[in-house]
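Structure file upload-v6.txt with compact mmCIF, C-alpha atoms and all ligand atoms:
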```txt
# COMPACT_ATOMS: atom_id res chain seq x y z
CA MET W 2 24.97 -16.31 17.18
CA THR W 3 21.76 -17.69 18.63
CA SER W 4 19.17 -15.48 16.91
CA GLU W 5 15.87 -17.05 16.01
CA TYR W 6 15.83 -15.48 12.54
CA ASP W 7 18.46 -14.38 10.06
CA LEU W 8 16.21 -11.68 8.70
CA THR W 9 13.13 -9.93 10.02
CA ILE W 10 11.19 -8.06 7.37
CA VAL W 11 8.99 -5.36 8.84
CA GLY W 12 6.01 -4.67 6.56
CA GLY W 13 4.17 -7.09 4.28
CA GLY W 14 3.50 -4.78 1.35
CA PRO W 15 4.55 -5.88 -2.15
CA VAL W 16 8.15 -4.91 -1.52
CA GLY W 17 8.41 -6.70 1.86
CA MET W 18 6.77 -9.77 0.32
CA PHE W 19 9.22 -9.88 -2.57
CA ALA W 20 12.12 -9.39 -0.13
CA ALA W 21 10.82 -12.33 1.93
CA PHE W 22 10.69 -14.52 -1.18
CA TYR W 23 14.19 -13.48 -2.19
CA ALA W 24 15.54 -14.10 1.31
CA GLY W 25 13.92 -17.54 1.10
CA MET W 26 15.89 -18.20 -2.08
CA ARG W 27 19.04 -17.33 -0.16
CA ASN W 28 18.11 -19.97 2.45
CA ALA W 29 17.71 -17.31 5.10
CA LYS W 30 15.48 -17.99 8.09
CA VAL W 31 12.90 -15.23 7.68
CA GLN W 32 9.99 -13.75 9.54
CA LEU W 33 7.66 -11.23 7.87
CA LEU W 34 5.75 -9.02 10.30
CA GLU W 35 2.70 -7.08 9.11
CA SER W 36 0.55 -4.76 11.18
CA LEU W 37 -2.61 -5.17 9.06
CA PRO W 38 -4.72 -8.35 9.03
CA GLU W 39 -3.71 -9.07 5.42
CA LEU W 40 -0.62 -8.92 3.22
CA GLY W 41 -0.21 -6.64 0.23
CA GLY W 42 0.23 -3.19 1.77
CA GLN W 43 -1.27 -0.29 -0.15
CA VAL W 44 -1.93 -2.49 -3.17
CA GLN W 45 -4.34 -4.75 -1.28
CA ALA W 46 -5.72 -2.28 1.24
CA LEU W 47 -6.18 0.81 -0.89
CA TYR W 48 -6.72 -0.25 -4.50
CA PRO W 49 -7.34 -4.01 -4.80
CA GLU W 50 -9.47 -3.67 -7.94
CA LYS W 51 -7.20 -1.25 -9.84
CA MET W 52 -5.26 -2.44 -12.88
CA ILE W 53 -1.50 -1.91 -12.58
CA HIS W 54 0.34 -1.39 -15.86
CA ASP W 55 3.94 -0.92 -14.77
CA ILE W 56 4.93 -4.29 -13.32
CA ALA W 57 7.64 -5.94 -15.42
CA GLY W 58 6.34 -8.95 -17.29
CA TYR W 59 2.66 -8.05 -16.91
CA PRO W 60 1.08 -5.82 -19.57
CA ALA W 61 -1.63 -5.27 -16.95
CA ILE W 62 -2.46 -6.97 -13.67
CA ARG W 63 -5.24 -6.35 -11.18
CA ALA W 64 -3.78 -5.22 -7.86
CA ARG W 65 -5.25 -8.09 -5.84
CA ASP W 66 -3.92 -10.58 -8.42
CA LEU W 67 -0.43 -9.15 -8.02
CA VAL W 68 -0.68 -9.75 -4.27
CA ALA W 69 -1.90 -13.30 -4.94
CA GLN W 70 1.08 -13.91 -7.25
CA LEU W 71 3.50 -12.51 -4.67
CA THR W 72 1.94 -14.74 -2.03
CA ALA W 73 2.33 -17.79 -4.26
CA GLN W 74 5.93 -16.87 -5.05
CA MET W 75 6.73 -16.37 -1.37
CA SER W 76 4.98 -19.60 -0.35
CA GLN W 77 7.71 -21.62 -2.07
CA PHE W 78 9.76 -21.04 1.06
CA PRO W 79 8.99 -21.52 4.75
CA ILE W 80 8.59 -17.81 5.53
CA ASP W 81 7.18 -17.18 9.00
CA VAL W 82 4.40 -14.71 8.14
CA GLN W 83 2.79 -13.01 11.13
CA LEU W 84 -0.23 -10.75 10.56
CA ASN W 85 -1.75 -8.21 12.97
CA ARG W 86 1.72 -7.62 14.42
CA ALA W 87 3.09 -4.10 14.22
CA VAL W 88 6.75 -3.84 15.17
CA THR W 89 6.69 -1.41 18.08
CA ASP W 90 10.33 -1.59 19.15
CA VAL W 91 13.76 -2.75 18.07
CA THR W 92 16.75 -2.96 20.39
CA GLY W 93 20.22 -4.50 20.16
CA THR W 94 22.87 -4.57 17.47
CA MET W 95 23.63 -6.46 14.29
CA GLY W 96 23.63 -10.20 14.91
CA ASP W 97 21.45 -9.81 17.99
CA PHE W 98 18.45 -7.55 17.50
CA THR W 99 15.35 -7.96 19.66
CA VAL W 100 12.11 -7.20 17.83
CA THR W 101 8.97 -6.40 19.84
CA THR W 102 5.50 -6.47 18.29
CA SER W 103 2.19 -4.84 19.25
CA ASP W 104 0.97 -7.97 21.06
CA GLY W 105 4.05 -7.90 23.31
CA THR W 106 5.82 -10.82 21.60
CA THR W 107 9.59 -10.56 21.20
CA SER W 108 11.86 -12.40 18.81
CA LYS W 109 15.53 -12.36 17.96
CA SER W 110 16.89 -11.48 14.56
CA LYS W 111 20.39 -11.09 13.19
CA ALA W 112 19.38 -8.39 10.72
CA ILE W 113 16.30 -6.36 9.82
CA ILE W 114 14.80 -5.05 6.60
CA VAL W 115 12.34 -2.21 7.08
CA ALA W 116 9.64 -2.24 4.36
CA THR W 117 6.96 -0.23 6.10
CA GLY W 118 5.93 1.88 3.10
CA SER W 119 4.67 5.22 4.23
CA GLY W 120 3.84 3.66 7.59
CA ALA W 121 0.47 2.92 9.01
CA PHE W 122 -1.81 4.63 6.52
CA GLN W 123 -5.46 5.56 6.46
CA PRO W 124 -7.69 7.33 3.98
CA ARG W 125 -8.37 11.04 4.41
CA LYS W 126 -11.93 11.01 5.68
CA LEU W 127 -14.96 12.97 4.50
CA ALA W 128 -15.34 16.00 6.79
CA VAL W 129 -19.10 15.78 7.29
CA ASP W 130 -20.39 15.39 10.87
CA ASN W 131 -22.41 12.19 10.50
CA ALA W 132 -20.13 10.54 7.87
CA ALA W 133 -18.83 7.84 10.24
CA GLN W 134 -22.29 6.30 10.66
CA PHE W 135 -22.47 5.43 6.94
CA GLU W 136 -18.92 4.08 6.67
CA GLY W 137 -18.73 0.52 5.38
CA GLN W 138 -22.48 0.58 4.57
CA GLN W 139 -22.94 3.27 1.91
CA LEU W 140 -19.76 5.30 2.31
CA PHE W 141 -16.48 3.72 1.23
CA TYR W 142 -12.88 4.90 0.98
CA HIS W 143 -11.80 2.17 -1.43
CA ILE W 144 -13.50 -0.41 -3.62
CA PRO W 145 -13.64 -3.62 -1.59
CA SER W 146 -15.18 -5.48 -4.54
CA LEU W 147 -16.59 -4.11 -7.79
CA ALA W 148 -19.47 -6.58 -7.73
CA GLN W 149 -21.02 -4.95 -4.69
CA PHE W 150 -21.75 -1.80 -6.73
CA LYS W 151 -23.54 -3.69 -9.50
CA ASP W 152 -26.57 -1.75 -10.80
CA GLN W 153 -26.12 0.98 -8.19
CA VAL W 154 -26.10 4.75 -8.50
CA VAL W 155 -22.65 5.76 -7.25
CA LEU W 156 -20.86 9.06 -6.71
CA VAL W 157 -17.07 9.17 -6.53
CA ALA W 158 -15.69 12.22 -4.72
CA GLY W 159 -12.13 13.26 -5.60
CA GLY W 160 -10.10 14.63 -8.48
CA GLY W 161 -6.88 12.61 -8.65
CA ASP W 162 -5.90 9.61 -10.71
CA SER W 163 -7.29 7.06 -8.29
CA ALA W 164 -10.68 8.81 -8.07
CA ILE W 165 -10.85 8.82 -11.89
CA ASP W 166 -9.76 5.15 -11.96
CA MET W 167 -12.53 4.33 -9.49
CA ALA W 168 -15.16 6.07 -11.60
CA LEU W 169 -13.98 4.34 -14.79
CA MET W 170 -13.85 0.93 -13.10
CA LEU W 171 -17.40 1.39 -11.81
CA GLU W 172 -18.82 2.64 -15.12
CA PRO W 173 -19.42 -0.79 -16.72
CA VAL W 174 -20.73 -2.29 -13.46
CA ALA W 175 -22.89 0.39 -11.85
CA LYS W 176 -26.22 1.71 -13.16
CA LYS W 177 -24.96 5.31 -13.09
CA VAL W 178 -21.68 6.87 -11.99
CA TYR W 179 -21.03 10.49 -11.01
CA ILE W 180 -17.68 12.03 -10.16
CA MET W 181 -17.51 15.18 -8.05
CA HIS W 182 -14.43 17.36 -7.56
CA ARG W 183 -13.92 20.63 -5.75
CA ARG W 184 -12.03 22.17 -8.69
CA GLU W 185 -12.97 22.59 -12.35
CA GLN W 186 -9.75 20.84 -13.40
CA PHE W 187 -8.98 17.23 -12.46
CA ARG W 188 -5.52 16.39 -11.11
CA GLY W 189 -5.35 13.05 -12.91
CA MET W 190 -3.09 12.33 -15.86
CA GLU W 191 -4.28 13.77 -19.19
CA HIS W 192 -4.99 10.32 -20.62
CA SER W 193 -7.21 9.36 -17.66
CA VAL W 194 -9.05 12.69 -17.82
CA ASP W 195 -9.67 12.17 -21.56
CA LEU W 196 -11.06 8.68 -20.85
CA LEU W 197 -13.28 10.13 -18.15
CA LYS W 198 -14.64 12.84 -20.45
CA ALA W 199 -15.33 10.25 -23.16
CA SER W 200 -17.14 7.96 -20.70
CA SER W 201 -20.75 7.99 -19.50
CA VAL W 202 -19.64 9.24 -16.05
CA THR W 203 -21.36 12.54 -15.19
CA ILE W 204 -18.92 15.18 -13.94
CA LYS W 205 -19.96 17.54 -11.13
CA THR W 206 -17.53 20.42 -10.50
CA PRO W 207 -16.66 22.49 -8.52
CA PHE W 208 -18.59 20.94 -5.64
CA LEU W 209 -18.08 19.75 -2.07
CA ILE W 210 -20.28 17.42 -0.04
CA LYS W 211 -22.00 19.46 2.64
CA ALA W 212 -24.45 16.96 4.18
CA LEU W 213 -25.50 13.30 4.09
CA GLU W 214 -28.94 12.05 4.88
CA LYS W 215 -30.48 8.61 4.65
CA GLN W 216 -33.74 8.61 2.68
CA ALA W 217 -36.79 6.51 3.41
CA ASN W 218 -36.04 4.34 0.33
CA GLY W 219 -32.59 3.51 1.76
CA GLN W 220 -30.63 5.75 -0.62
CA LEU W 221 -28.18 8.33 0.65
CA ASN W 222 -29.11 11.90 -0.16
CA LEU W 223 -26.06 14.09 -0.81
CA THR W 224 -26.21 17.84 -0.48
CA MET W 225 -23.47 19.21 -2.74
CA LYS W 226 -22.39 22.81 -2.33
CA GLU W 227 -20.68 24.85 -5.00
CA VAL W 228 -17.14 25.82 -3.92
CA ARG W 229 -16.86 29.62 -3.55
CA GLY W 230 -20.50 29.91 -4.55
CA THR W 231 -23.93 29.51 -3.02
CA ALA W 232 -25.53 26.99 -5.35
CA GLU W 233 -26.55 23.65 -3.84
CA GLU W 234 -27.61 20.42 -5.51
CA GLN W 235 -29.23 17.29 -4.12
CA LEU W 236 -28.33 13.85 -5.42
CA ALA W 237 -29.63 10.48 -4.21
CA VAL W 238 -27.09 7.65 -4.51
CA ASP W 239 -26.82 4.04 -3.39
CA SER W 240 -23.12 4.42 -2.53
CA LEU W 241 -20.63 7.21 -2.04
CA LEU W 242 -16.94 6.53 -2.68
CA VAL W 243 -14.56 9.13 -1.28
CA ASN W 244 -11.01 9.31 -2.61
CA TYR W 245 -9.35 12.33 -1.01
CA GLY W 246 -5.92 10.71 -0.69
CA PHE W 247 -4.27 9.12 2.32
CA ILE W 248 -2.58 10.16 5.54
CA ALA W 249 0.41 8.03 6.41
CA ASP W 250 2.46 7.95 9.56
CA ASN W 251 5.83 6.42 10.33
CA LYS W 252 5.60 7.46 14.00
CA VAL W 253 5.95 3.89 15.21
CA ILE W 254 9.41 3.53 13.70
CA ARG W 255 10.53 6.82 15.17
CA ASN W 256 9.73 5.38 18.61
CA TRP W 257 11.98 2.34 18.19
CA GLN W 258 14.96 2.46 20.56
CA VAL W 259 17.18 1.64 17.60
CA THR W 260 15.83 3.76 14.78
CA PRO W 261 17.46 4.68 11.47
CA THR W 262 17.95 8.33 10.56
CA MET W 263 15.13 9.82 8.53
CA THR W 264 14.85 12.75 6.13
CA HIS W 265 11.36 14.22 5.80
CA ARG W 266 9.92 11.08 7.46
CA LEU W 267 11.69 8.73 5.04
CA ILE W 268 14.62 6.49 5.93
CA THR W 269 17.88 7.55 4.34
CA VAL W 270 19.69 4.66 2.65
CA ASP W 271 22.85 4.23 0.61
CA THR W 272 23.09 2.45 -2.76
CA GLN W 273 23.00 -0.95 -1.01
CA MET W 274 19.90 0.00 0.97
CA ASN W 275 21.87 0.26 4.23
CA THR W 276 20.51 2.63 6.85
CA ASP W 277 22.93 4.27 9.27
CA ILE W 278 22.35 1.37 11.73
CA PRO W 279 24.56 -1.63 10.87
CA GLY W 280 22.35 -4.66 10.21
CA ILE W 281 19.22 -2.63 9.39
CA ALA W 282 18.41 -2.09 5.71
CA ALA W 283 15.31 -0.39 4.34
CA ILE W 284 13.45 -0.72 1.02
CA GLY W 285 10.30 0.38 -0.81
CA ASP W 286 8.22 3.47 -0.24
CA THR W 287 9.74 4.08 3.18
CA VAL W 288 13.19 5.03 1.86
CA THR W 289 14.76 8.01 0.23
CA TYR W 290 17.88 8.38 -1.89
CA PRO W 291 18.69 10.56 -4.89
CA GLY W 292 16.37 9.54 -7.71
CA LYS W 293 14.09 7.36 -5.57
CA LEU W 294 10.73 6.59 -7.21
CA GLY W 295 7.73 5.54 -5.14
CA LEU W 296 6.89 2.66 -7.45
CA ILE W 297 6.47 -1.06 -6.91
CA ALA W 298 9.05 -1.74 -9.65
CA SER W 299 11.66 0.36 -7.82
CA GLY W 300 11.00 -1.47 -4.54
CA PHE W 301 11.26 -4.85 -6.28
CA GLY W 302 14.76 -3.86 -7.41
CA GLU W 303 15.76 -2.73 -3.95
CA ALA W 304 14.72 -5.99 -2.25
CA PRO W 305 17.44 -8.35 -3.64
CA ASN W 306 19.98 -5.61 -3.10
CA ALA W 307 19.13 -5.39 0.62
CA VAL W 308 18.85 -9.15 1.14
CA ASN W 309 22.13 -9.96 -0.61
CA GLN W 310 24.19 -7.35 1.14
CA LEU W 311 22.84 -8.32 4.59
CA MET W 312 23.43 -12.02 3.86
CA MET W 313 26.99 -11.17 2.76
CA GLN W 314 27.55 -9.45 6.09
CA LEU W 315 26.01 -12.28 8.12
CA TYR W 316 27.58 -15.11 6.13
CA PRO W 317 30.70 -13.78 4.37
CA GLU W 318 31.66 -17.33 3.39
CA ARG W 319 28.56 -17.67 1.17
CA ARG W 320 29.07 -16.26 -2.32
CA SER W 321 26.66 -13.67 -3.64
CA PRO W 322 24.30 -15.25 -6.19
CA LEU W 323 23.88 -14.18 -9.78
CA HIS W 324 20.70 -15.80 -11.05
CA SER W 325 17.60 -17.40 -9.54
CA THR W 326 18.35 -20.67 -11.32
CA THR W 327 21.62 -21.08 -9.40
CA LEU W 328 19.75 -20.45 -6.15
CA PHE W 329 17.00 -22.95 -6.89
CA GLU W 330 19.62 -25.51 -7.99
CA LYS W 331 21.48 -25.00 -4.71
CA ARG W 332 18.29 -25.61 -2.72
CA ALA W 333 17.64 -28.84 -4.62
CA HIS W 334 20.95 -30.31 -3.40
C1 LIG I 1 -4.03 4.71 -5.18
C2 LIG I 1 -2.62 4.25 -5.46
C3 LIG I 1 -2.31 3.75 -6.71
C4 LIG I 1 -0.99 3.32 -6.99
N1 LIG I 1 -0.72 2.82 -8.23
C5 LIG I 1 0.53 2.35 -8.48
C6 LIG I 1 0.86 1.80 -9.76
O1 LIG I 1 0.03 1.74 -10.66
N2 LIG I 1 2.13 1.35 -9.96
C7 LIG I 1 3.10 1.40 -8.99
O2 LIG I 1 4.23 0.97 -9.22
N3 LIG I 1 2.81 1.93 -7.77
C8 LIG I 1 1.56 2.40 -7.50
N4 LIG I 1 1.28 2.93 -6.28
C9 LIG I 1 2.37 2.98 -5.27
C10 LIG I 1 2.59 1.59 -4.68
O3 LIG I 1 1.38 1.09 -4.11
C11 LIG I 1 3.68 1.67 -3.63
O4 LIG I 1 4.87 2.10 -4.26
C12 LIG I 1 3.89 0.31 -2.99
O5 LIG I 1 2.73 -0.13 -2.33
C13 LIG I 1 5.05 0.38 -2.01
O6 LIG I 1 5.20 -0.89 -1.45
P1 LIG I 1 5.85 -1.09 -0.02
O7 LIG I 1 5.83 -2.56 0.23
O8 LIG I 1 7.13 -0.34 0.05
O9 LIG I 1 4.89 -0.31 1.00
P2 LIG I 1 3.34 -0.51 1.36
O10 LIG I 1 2.56 -1.02 0.22
O11 LIG I 1 2.94 0.79 1.97
O12 LIG I 1 3.36 -1.63 2.47
C14 LIG I 1 3.94 -1.39 3.72
C15 LIG I 1 3.34 -2.34 4.73
O13 LIG I 1 4.03 -2.18 5.97
C16 LIG I 1 3.09 -2.28 7.03
N5 LIG I 1 3.63 -1.61 8.22
C17 LIG I 1 3.81 -0.27 8.42
N6 LIG I 1 4.36 -0.06 9.64
C18 LIG I 1 4.53 -1.29 10.20
C19 LIG I 1 5.07 -1.73 11.44
N7 LIG I 1 5.57 -0.87 12.35
N8 LIG I 1 5.06 -3.08 11.71
C20 LIG I 1 4.59 -3.98 10.79
N9 LIG I 1 4.07 -3.60 9.60
C21 LIG I 1 4.06 -2.28 9.31
C22 LIG I 1 1.85 -1.57 6.47
O14 LIG I 1 0.68 -1.99 7.14
C23 LIG I 1 1.87 -2.03 5.01
O15 LIG I 1 1.13 -3.22 4.81
C24 LIG I 1 0.00 3.37 -5.97
C25 LIG I 1 -0.33 3.88 -4.71
C26 LIG I 1 -1.62 4.32 -4.44
C27 LIG I 1 -1.95 4.85 -3.08
```

Would you mind giving the structure from this file in structure tokens?
Amino acid sequence: MTSEYDLTIVGGGPVGMFAAFYAGMRNAKVQLLESLPELGGQVQALYPEKMIHDIAGYPAIRARDLVAQLTAQMSQFPIDVQLNRAVTDVTGTMGDFTVTTSDGTTSKSKAIIVATGSGAFQPRKLAVDNAAQFEGQQLFYHIPSLAQFKDQVVLVAGGGDSAIDMALMLEPVAKKVYIMHRREQFRGMEHSVDLLKASSVTIKTPFLIKALEKQANGQLNLTMKEVRGTAEEQLAVDSLLVNYGFIADNKVIRNWQVTPTMTHRLITVDTQMNTDIPGIAAIGDTVTYPGKLGLIASGFGEAPNAVNQLMMQLYPERRSPLHSTTLFEKRAH
């Protein structure tokens, strides 16, 4: 076998990053290919400031700090991390796959782990004609940094957990926070809704944003229209944060010449994370199996499973490891 890499991990979200670290522990030659300009997947791109409470060993950790920890963990090994490189095609068979990326580069890999999450994702945009002109200035789809909203008047549009999280995160930083939802009832978990109601955040329901207009003083004037009613309200804000969910697309993978079978746009895997293509495993949000949970913790469990079983197939003479200590000891010798 003359492949450049033992393992190619497609997707640098938390699950792909942990898989890369684990593959490093197994002394695999690994490349990690990520289509975005930064690692961390949804965690970094969509909710960097959110606190995550269900990562083993951390009572609570800020999303961006989790990505930093994963980066540090991964950096213990010489992982070949390549950003801004979407994998656009895969050809070949186990032991000799050719991986093509969006910039036309090709590389050889003996096996592949697909960790593409829900694919290339983007926020569901605000459907107001001139919205695009305010994007990144006064209209945001995630919180790039809490500090930038210090002492501002902010309206969060959306009714799910992450919209409520956004409003509660902004409350101690901003001068005034509003949350607007098109229904009377919020979709967030009861506990979050209770926190919201007990907070100083002013709730505006059931409203939709009808128009945006920049005022002479630089503020953004929002025209809010009552859903199924005629009432309208004006509100001047410094920033508008829209959280209407995300649209994800795994189209790229479906165009690969060698592409695993999918069910409802998710890759079907067995209990060892094998797809139906020998040598291609899949992990994280991109997979489905009975009982699959779309959680970071679930993906973290799937990563060693995929790495170990692929390494067993590539190097049957190497014994499967039990604990990290034995792997680190082996590397030291
Ligand atoms: C608002 C929100 C809050 C959440 N809160 C929690 C929480 O509190 N706890 C929890 O456990 N989970 C939470 N989740 C879910 C969690 O973020 C996901 O389960 C997790 O991100 C899945 O990780 P992943 O690595 O499988 O996929 P992703 O994070 O989606 O990463 C996949 C990566 O693959 C890249 N990619 C896609 N296609 C290609 C390609 N062709 N080539 C190269 N790269 C590609 C993408 O750019 C992306 O970076 C939340 C999700 C959202 C949206």

Do you have the CA of Ile114 (chain W)-CA of Leu8 (chain W) distance handy?
7.1 Å

Please give the centre and size of the box around region 213-221 of chain W (axis-aligned, containing every atom listed in the file, 4 Å added per side), with values in Å to one decimal and written as lines of an AutoDock Vina configuration file.
```
center_x = -31.1
center_y = 8.4
center_z = 2.1
size_x = 19.3
size_y = 17.8
size_z = 13.5
```

Determine, counting all atoms listed in the file, every residue of protein, DNA or RNA that lies within 8 Å of (-21.2, 6.4, -8.1) in the file coordinates, then give the result as a PyMOL selection string.
chain W and resi 153-157+168+171+175+177-180+238-242

Atoms kept (C-alpha atoms) for selection, written as an mmCIF file, in the coordinates of the input:
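again-v6.cif was written with the following content:
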```
data_model
loop_
_atom_site.group_PDB
_atom_site.id
_atom_site.type_symbol
_atom_site.label_atom_id
_atom_site.label_comp_id
_atom_site.auth_asym_id
_atom_site.auth_seq_id
_atom_site.Cartn_x
_atom_site.Cartn_y
_atom_site.Cartn_z
ATOM 1 C CA GLN W 153 -26.120 0.980 -8.190
ATOM 2 C CA VAL W 154 -26.100 4.750 -8.500
ATOM 3 C CA VAL W 155 -22.650 5.760 -7.250
ATOM 4 C CA LEU W 156 -20.860 9.060 -6.710
ATOM 5 C CA VAL W 157 -17.070 9.170 -6.530
ATOM 6 C CA ALA W 168 -15.160 6.070 -11.600
ATOM 7 C CA LEU W 171 -17.400 1.390 -11.810
ATOM 8 C CA ALA W 175 -22.890 0.390 -11.850
ATOM 9 C CA LYS W 177 -24.960 5.310 -13.090
ATOM 10 C CA VAL W 178 -21.680 6.870 -11.990
ATOM 11 C CA TYR W 179 -21.030 10.490 -11.010
ATOM 12 C CA ILE W 180 -17.680 12.030 -10.160
ATOM 13 C CA VAL W 238 -27.090 7.650 -4.510
ATOM 14 C CA ASP W 239 -26.820 4.040 -3.390
ATOM 15 C CA SER W 240 -23.120 4.420 -2.530
ATOM 16 C CA LEU W 241 -20.630 7.210 -2.040
ATOM 17 C CA LEU W 242 -16.940 6.530 -2.680
#
```

Using all atoms listed in the file, pick whichever of W:Ser146, W:Thr107, W:Ser119, W:Ser200 has the shortest atom-to-atom distance to ligand LIG 1 (chain I).
W:Ser119

Ligand LIG 1 (chain I): which residues are within 7 Å, counting all atoms listed in the file, as a ChimeraX atom specification?
/W:11-17,34-37,40-44,47-48,53-56,86-89,116-121,163,251,253-254,284-287,295-298,300

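Note that CA of Leu236 (chain W) and CA of Asn222 (chain W) are 5.7 Å apart.
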
Out of W:Ala57, W:Ala24, W:Met95, W:Val100, which residue has the shortest atom-to-atom distance to Ala307 (chain W) when counting all atoms listed in the file?
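When distances to Ala307 (chain W) are compared using all atoms listed in the file, the smallest one comes from W:Ala24.
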
Shell of 10 Å around Glu214 (chain W), only C-alpha atoms, local chain residues under 5 positions omitted, as a list of chain:residue names
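Result of the neighbour search: W:Asn131, W:Ala132, W:Phe135, W:Gly219, W:Gln220, W:Leu221, W:Asn222, W:Leu223, W:Thr224, W:Ala237.
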
Could the residues in this selection be written to a file with C-alpha atoms, as an mmCIF file, in the coordinates of the input?
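Listed below is the output, out10.cif:
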```
data_model
loop_
_atom_site.group_PDB
_atom_site.id
_atom_site.type_symbol
_atom_site.label_atom_id
_atom_site.label_comp_id
_atom_site.auth_asym_id
_atom_site.auth_seq_id
_atom_site.Cartn_x
_atom_site.Cartn_y
_atom_site.Cartn_z
ATOM 1 C CA ASN W 131 -22.410 12.190 10.500
ATOM 2 C CA ALA W 132 -20.130 10.540 7.870
ATOM 3 C CA PHE W 135 -22.470 5.430 6.940
ATOM 4 C CA GLY W 219 -32.590 3.510 1.760
ATOM 5 C CA GLN W 220 -30.630 5.750 -0.620
ATOM 6 C CA LEU W 221 -28.180 8.330 0.650
ATOM 7 C CA ASN W 222 -29.110 11.900 -0.160
ATOM 8 C CA LEU W 223 -26.060 14.090 -0.810
ATOM 9 C CA THR W 224 -26.210 17.840 -0.480
ATOM 10 C CA ALA W 237 -29.630 10.480 -4.210
#
```

Write out as a PyMOL selection string which residues come within 12 Å of Val31 (chain W) when counting all atoms listed in the file, dropping same-chain ones fewer than 5 positions away.
chain W and resi 4-11+17-18+20-26+75+78-83+108-114+308+312

Would you mind listing what lies within 9 Å of Arg63 (chain W) as a PDB file with C-alpha atoms, in the frame of the given file, with all atoms listed in the file counted and same-chain residues fewer than 5 positions away left out?
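Written file, around-v3.pdb:
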```
ATOM      1  CA  PRO W  49      -7.340  -4.010  -4.800  1.00  0.00           C
ATOM      2  CA  GLU W  50      -9.470  -3.670  -7.940  1.00  0.00           C
ATOM      3  CA  LYS W  51      -7.200  -1.250  -9.840  1.00  0.00           C
ATOM      4  CA  MET W  52      -5.260  -2.440 -12.880  1.00  0.00           C
ATOM      5  CA  ILE W  53      -1.500  -1.910 -12.580  1.00  0.00           C
ATOM      6  CA  HIS W  54       0.340  -1.390 -15.860  1.00  0.00           C
ATOM      7  CA  VAL W  68      -0.680  -9.750  -4.270  1.00  0.00           C
TER       8      VAL W  68
END
```

Quick one: residues within 12 Å of Arg255 (chain W), only C-alpha atoms, excluding same-chain residues fewer than 4 positions away - as a count of residues only?
17

For CA of Phe141 (chain W) and CA of His182 (chain W), determine how far apart the two atoms are, in Å to one decimal place.
16.4 Å

For Lys198 (chain W), which of W:Gln186, W:Gly302, W:Gly105, W:Pro124 is the closest residue, counting only C-alpha atoms?
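The answer is W:Gln186, which sits nearest to Lys198 (chain W).
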
For each of W:Lys176, W:His192, W:Lys252, W:Lys205, take the minimum atom-to-atom distance to Asp152 (chain W), counting only C-alpha atoms, then give the residue where this is smallest.
W:Lys176

Within 12 Å of Thr231 (chain W), counting only C-alpha atoms, which residues qualify if same-chain residues fewer than 2 places away don't, as number ranges by chain?
W: 207-209, 211, 225-229, 233-234

Residue nearest Gly280 (chain W) among W:Leu323, W:Ala232, W:Leu67, W:Val115 (counting only C-alpha atoms)
W:Val115
